[in-house]
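**Q** So I've got this file, model.pdb, and it contains PDB, C-alpha atoms, pLDDT in the B column:
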ATOM      1  CA  MET A   1       0.000   0.000   0.000  1.00 96.00           C
ATOM      2  CA  ILE A   2       1.115   3.544  -0.709  1.00 97.00           C
ATOM      3  CA  GLN A   3       1.159   5.709   2.392  1.00 98.00           C
ATOM      4  CA  VAL A   4       1.051   9.486   2.276  1.00 98.00           C
ATOM      5  CA  VAL A   5       1.809  11.318   5.522  1.00 98.00           C
ATOM      6  CA  VAL A   6       1.038  15.032   5.521  1.00 98.00           C
ATOM      7  CA  LEU A   7       2.296  17.206   8.360  1.00 98.00           C
ATOM      8  CA  LYS A   8       0.489  20.502   8.880  1.00 97.00           C
ATOM      9  CA  SER A   9       1.178  23.491  11.075  1.00 96.00           C
ATOM     10  CA  LYS A  10      -2.194  25.175  11.495  1.00 92.00           C
ATOM     11  CA  THR A  11      -3.383  25.420   7.877  1.00 93.00           C
ATOM     12  CA  ALA A  12       0.043  25.201   6.194  1.00 97.00           C
ATOM     13  CA  ILE A  13       1.464  21.968   4.797  1.00 98.00           C
ATOM     14  CA  VAL A  14       5.016  21.713   6.130  1.00 98.00           C
ATOM     15  CA  GLN A  15       5.899  18.176   5.013  1.00 98.00           C
ATOM     16  CA  ILE A  16       4.634  15.429   2.719  1.00 98.00           C
ATOM     17  CA  GLU A  17       6.129  11.944   2.662  1.00 98.00           C
ATOM     18  CA  ILE A  18       5.040   9.282   0.159  1.00 98.00           C
ATOM     19  CA  THR A  19       6.203   5.679   0.646  1.00 97.00           C
ATOM     20  CA  GLY A  20       5.353   2.164  -0.471  1.00 95.00           C
ATOM     21  CA  HIS A  21       3.865   0.412  -3.485  1.00 94.00           C
ATOM     22  CA  ALA A  22       0.213   0.109  -4.455  1.00 95.00           C
ATOM     23  CA  PHE A  23       0.408  -3.536  -5.626  1.00 94.00           C
ATOM     24  CA  SER A  24      -2.791  -2.973  -7.611  1.00 95.00           C
ATOM     25  CA  ASN A  25      -1.337  -4.948 -10.536  1.00 94.00           C
ATOM     26  CA  ASP A  26       1.872  -6.563 -11.725  1.00 93.00           C
ATOM     27  CA  PRO A  27       4.961  -4.323 -11.879  1.00 87.00           C
ATOM     28  CA  GLY A  28       4.823  -2.272 -15.055  1.00 88.00           C
ATOM     29  CA  PHE A  29       1.018  -2.497 -15.159  1.00 94.00           C
ATOM     30  CA  ASP A  30       0.223  -0.871 -11.813  1.00 95.00           C
ATOM     31  CA  LEU A  31      -1.744   2.238 -12.753  1.00 95.00           C
ATOM     32  CA  VAL A  32      -2.140   3.399  -9.136  1.00 97.00           C
ATOM     33  CA  CYS A  33       1.642   3.433  -8.634  1.00 94.00           C
ATOM     34  CA  ALA A  34       2.137   5.080 -12.007  1.00 95.00           C
ATOM     35  CA  GLY A  35      -0.448   7.753 -11.211  1.00 96.00           C
ATOM     36  CA  VAL A  36       0.958   8.561  -7.778  1.00 97.00           C
ATOM     37  CA  SER A  37       4.504   8.609  -9.145  1.00 94.00           C
ATOM     38  CA  SER A  38       3.510  10.978 -11.944  1.00 96.00           C
ATOM     39  CA  ILE A  39       1.612  13.298  -9.614  1.00 97.00           C
ATOM     40  CA  ALA A  40       4.463  13.396  -7.081  1.00 97.00           C
ATOM     41  CA  THR A  41       7.199  13.826  -9.692  1.00 96.00           C
ATOM     42  CA  GLY A  42       5.276  16.697 -11.261  1.00 97.00           C
ATOM     43  CA  ALA A  43       4.982  18.363  -7.849  1.00 97.00           C
ATOM     44  CA  LEU A  44       8.710  17.898  -7.207  1.00 97.00           C
ATOM     45  CA  ASN A  45       9.514  19.481 -10.576  1.00 97.00           C
ATOM     46  CA  GLY A  46       7.162  22.396  -9.888  1.00 97.00           C
ATOM     47  CA  LEU A  47       8.572  23.028  -6.430  1.00 98.00           C
ATOM     48  CA  ASP A  48      12.141  22.758  -7.730  1.00 97.00           C
ATOM     49  CA  ALA A  49      11.436  25.376 -10.401  1.00 97.00           C
ATOM     50  CA  LEU A  50       9.712  27.642  -7.877  1.00 95.00           C
ATOM     51  CA  ASP A  51      12.372  28.516  -5.300  1.00 94.00           C
ATOM     52  CA  ASP A  52      14.466  26.953  -2.533  1.00 95.00           C
ATOM     53  CA  SER A  53      11.771  27.097   0.152  1.00 97.00           C
ATOM     54  CA  CYS A  54      11.329  23.302   0.230  1.00 97.00           C
ATOM     55  CA  GLU A  55      13.817  20.443   0.550  1.00 97.00           C
ATOM     56  CA  LEU A  56      12.995  17.767  -2.021  1.00 97.00           C
ATOM     57  CA  SER A  57      14.087  14.139  -2.114  1.00 96.00           C
ATOM     58  CA  MET A  58      13.218  11.039  -4.084  1.00 94.00           C
ATOM     59  CA  THR A  59      14.843   7.618  -3.587  1.00 92.00           C
ATOM     60  CA  ASP A  60      14.399   4.098  -4.932  1.00 87.00           C
ATOM     61  CA  GLU A  61      13.128   2.805  -1.537  1.00 86.00           C
ATOM     62  CA  PRO A  62      10.498   4.189  -2.665  1.00 85.00           C
ATOM     63  CA  LEU A  63      10.363   7.452  -0.810  1.00 94.00           C
ATOM     64  CA  ILE A  64       9.358  10.933  -1.874  1.00 97.00           C
ATOM     65  CA  LYS A  65       9.751  13.605   0.766  1.00 97.00           C
ATOM     66  CA  ILE A  66       9.018  17.318   0.669  1.00 98.00           C
ATOM     67  CA  VAL A  67       9.931  19.472   3.659  1.00 98.00           C
ATOM     68  CA  CYS A  68       9.077  23.185   3.715  1.00 97.00           C
ATOM     69  CA  LYS A  69      11.828  25.228   5.288  1.00 96.00           C
ATOM     70  CA  GLU A  70       9.830  28.391   4.633  1.00 97.00           C
ATOM     71  CA  VAL A  71       6.073  28.438   4.038  1.00 97.00           C
ATOM     72  CA  ASN A  72       4.938  30.801   1.301  1.00 98.00           C
ATOM     73  CA  HIS A  73       1.889  31.321  -0.891  1.00 98.00           C
ATOM     74  CA  ASP A  74       3.327  29.608  -3.974  1.00 97.00           C
ATOM     75  CA  ASN A  75       4.612  26.439  -2.311  1.00 98.00           C
ATOM     76  CA  GLN A  76       1.322  26.092  -0.440  1.00 98.00           C
ATOM     77  CA  LEU A  77      -0.616  26.285  -3.700  1.00 98.00           C
ATOM     78  CA  LEU A  78       1.518  23.486  -5.153  1.00 98.00           C
ATOM     79  CA  LEU A  79       1.418  21.343  -2.005  1.00 98.00           C
ATOM     80  CA  ASN A  80      -2.347  21.685  -1.641  1.00 98.00           C
ATOM     81  CA  PHE A  81      -2.744  20.819  -5.322  1.00 98.00           C
ATOM     82  CA  LEU A  82      -0.536  17.737  -4.787  1.00 98.00           C
ATOM     83  CA  LEU A  83      -2.620  16.686  -1.793  1.00 98.00           C
ATOM     84  CA  LYS A  84      -5.898  17.177  -3.688  1.00 98.00           C
ATOM     85  CA  GLN A  85      -4.625  15.012  -6.566  1.00 98.00           C
ATOM     86  CA  LEU A  86      -3.534  12.257  -4.165  1.00 98.00           C
ATOM     87  CA  GLU A  87      -6.899  12.439  -2.382  1.00 98.00           C
ATOM     88  CA  THR A  88      -8.606  11.958  -5.743  1.00 98.00           C
ATOM     89  CA  VAL A  89      -6.583   8.785  -6.381  1.00 98.00           C
ATOM     90  CA  ALA A  90      -7.328   7.573  -2.838  1.00 97.00           C
ATOM     91  CA  TYR A  91     -11.047   8.198  -3.323  1.00 97.00           C
ATOM     92  CA  VAL A  92     -11.122   5.696  -6.187  1.00 96.00           C
ATOM     93  CA  HIS A  93      -8.401   3.303  -4.964  1.00 97.00           C
ATOM     94  CA  ASP A  94      -8.640   3.449  -1.160  1.00 96.00           C
ATOM     95  CA  GLU A  95      -7.462  -0.157  -0.874  1.00 97.00           C
ATOM     96  CA  HIS A  96      -4.107   0.857  -2.406  1.00 97.00           C
ATOM     97  CA  ILE A  97      -3.363   4.306  -0.979  1.00 97.00           C
ATOM     98  CA  LYS A  98      -3.794   5.724   2.520  1.00 98.00           C
ATOM     99  CA  ILE A  99      -3.465   9.409   3.403  1.00 98.00           C
ATOM    100  CA  ILE A 100      -2.745  10.447   6.981  1.00 98.00           C
ATOM    101  CA  VAL A 101      -2.842  14.122   7.942  1.00 97.00           C
ATOM    102  CA  LYS A 102      -1.114  15.053  11.215  1.00 97.00           C
ATOM    103  CA  GLU A 103      -0.914  18.351  13.063  1.00 94.00           C
ATOM    104  CA  GLU A 104       2.588  19.491  13.972  1.00 83.00           C
ATOM    105  CA  ILE A 105       3.145  19.699  17.710  1.00 76.00           C
ATOM    106  CA  ARG A 106       5.339  22.578  18.835  1.00 64.00           C
TER     107      ARG A 106
END
Could I get this file's structure written as structure tokens?
**A**
Amino acid sequence: MIQVVVLKSKTAIVQIEITGHAFSNDPGFDLVCAGVSSIATGALNGLDALDDSCELSMTDEPLIKIVCKEVNHDNQLLLNFLLKQLETVAYVHDEHIKIIVKEEIR
């Protein structure tokens, strides 16, 4: 299962971590994994082109991690768009993707 953990501070998204595999089909035919990978990679590319306000990482584990060092209007638009896209996938394929939203404790 793909797991998405979203960390918020009040209304701002300060971190998103995406891990796991959907296992909705054989490797190479898994449309849930392909969709999530495409959505996340697009968000990474958008955030990278935007500014240096977020630390971005992607590994073969699989792990995609976005950490906001500085919250601003533009990165929040992209991160909320990313979350909305992932929620749309989860709505249709809830047996293959789980989204957990946590509030940051200070």
**Q** Determine the nearest neighbour of Ser57 of chain A from the options A:Val5, A:Ile18, A:Val89, A:Ile97, counting only C-alpha atoms.
**A**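 Of A:Val5, A:Ile18, A:Val89, A:Ile97, the one nearest Ser57 of chain A, counting only C-alpha atoms, is A:Ile18.
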**Q** Selection in question (the file shown): the PyMOL selection byres ((chain A and resi 105) around 12). Which residues does it include, as a list in words?
**A**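 Selected by the PyMOL selection byres ((chain A and resi 105) around 12) in this file: Leu7, Lys8, Ser9, Lys10, Val14, Lys102, Glu103, Glu104 and Arg106 of chain A.
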**Q** Mind listing as a list in words all residues within 12 Å of (6.4, 30.1, -12.2), counting all atoms listed in the file?
**A**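 Every residue inside that radius is included here: Asn45, Gly46, Leu47, Asp48, Ala49, Leu50, Asp51, Asp74, Asn75, Leu77 and Leu78 of chain A.
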**Q** What is the distance, in Å and to one decimal place, between atom CA of Leu44 of chain A and atom CA of Ile2 of chain A?
**A**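 Atom CA of Ile2 of chain A lies 17.5 Å from atom CA of Leu44 of chain A.
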**Q** Pick out the closest residue to Ile66 of chain A from this set: A:Val32, A:Ala40, A:Val101, A:Ala90. Count only C-alpha atoms.
**A**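 Nearest to Ile66 of chain A: A:Ala40.
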**Q** Decode the PyMOL selection byres ((chain A and resi 87) around 12) for the given file into explicit residues and return them as a VMD selection string.
**A** chain A and resid 3 to 6 35 to 36 39 80 to 86 88 to 94 96 to 101
**Q** Given all atoms listed in the file as the basis, pick out the residue of A:Ala22, A:Leu79, A:Ala43, A:Cys68 nearest to Glu55 of chain A.
**A**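 Among the listed residues, the smallest separation from Glu55 of chain A belongs to A:Cys68.
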**Q** Go through A:His21, A:Ser53, A:Met1, A:Met58 and flag the residue nearest Gln76 of chain A, using all atoms listed in the file for the distances.
**A** A:Ser53
**Q** Quick one, how far is atom CA of Leu31 of chain A from atom CA of Glu17 of chain A?
**A**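 Atom CA of Leu31 of chain A sits 19.8 Å away from atom CA of Glu17 of chain A.
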**Q** How far is it from atom CA of Pro62 of chain A to atom CA of Thr19 of chain A, in Å with one decimal?
**A** 5.6 Å
**Q** Using only the atoms of segment 12-17 of chain A listed in the file, plus 5 Å on each side, state the axis-aligned box centre and edge lengths in Å rounded to one decimal, as JSON.
**A**
{"center_x": 3.1, "center_y": 18.6, "center_z": 4.4, "size_x": 16.1, "size_y": 23.3, "size_z": 13.5}
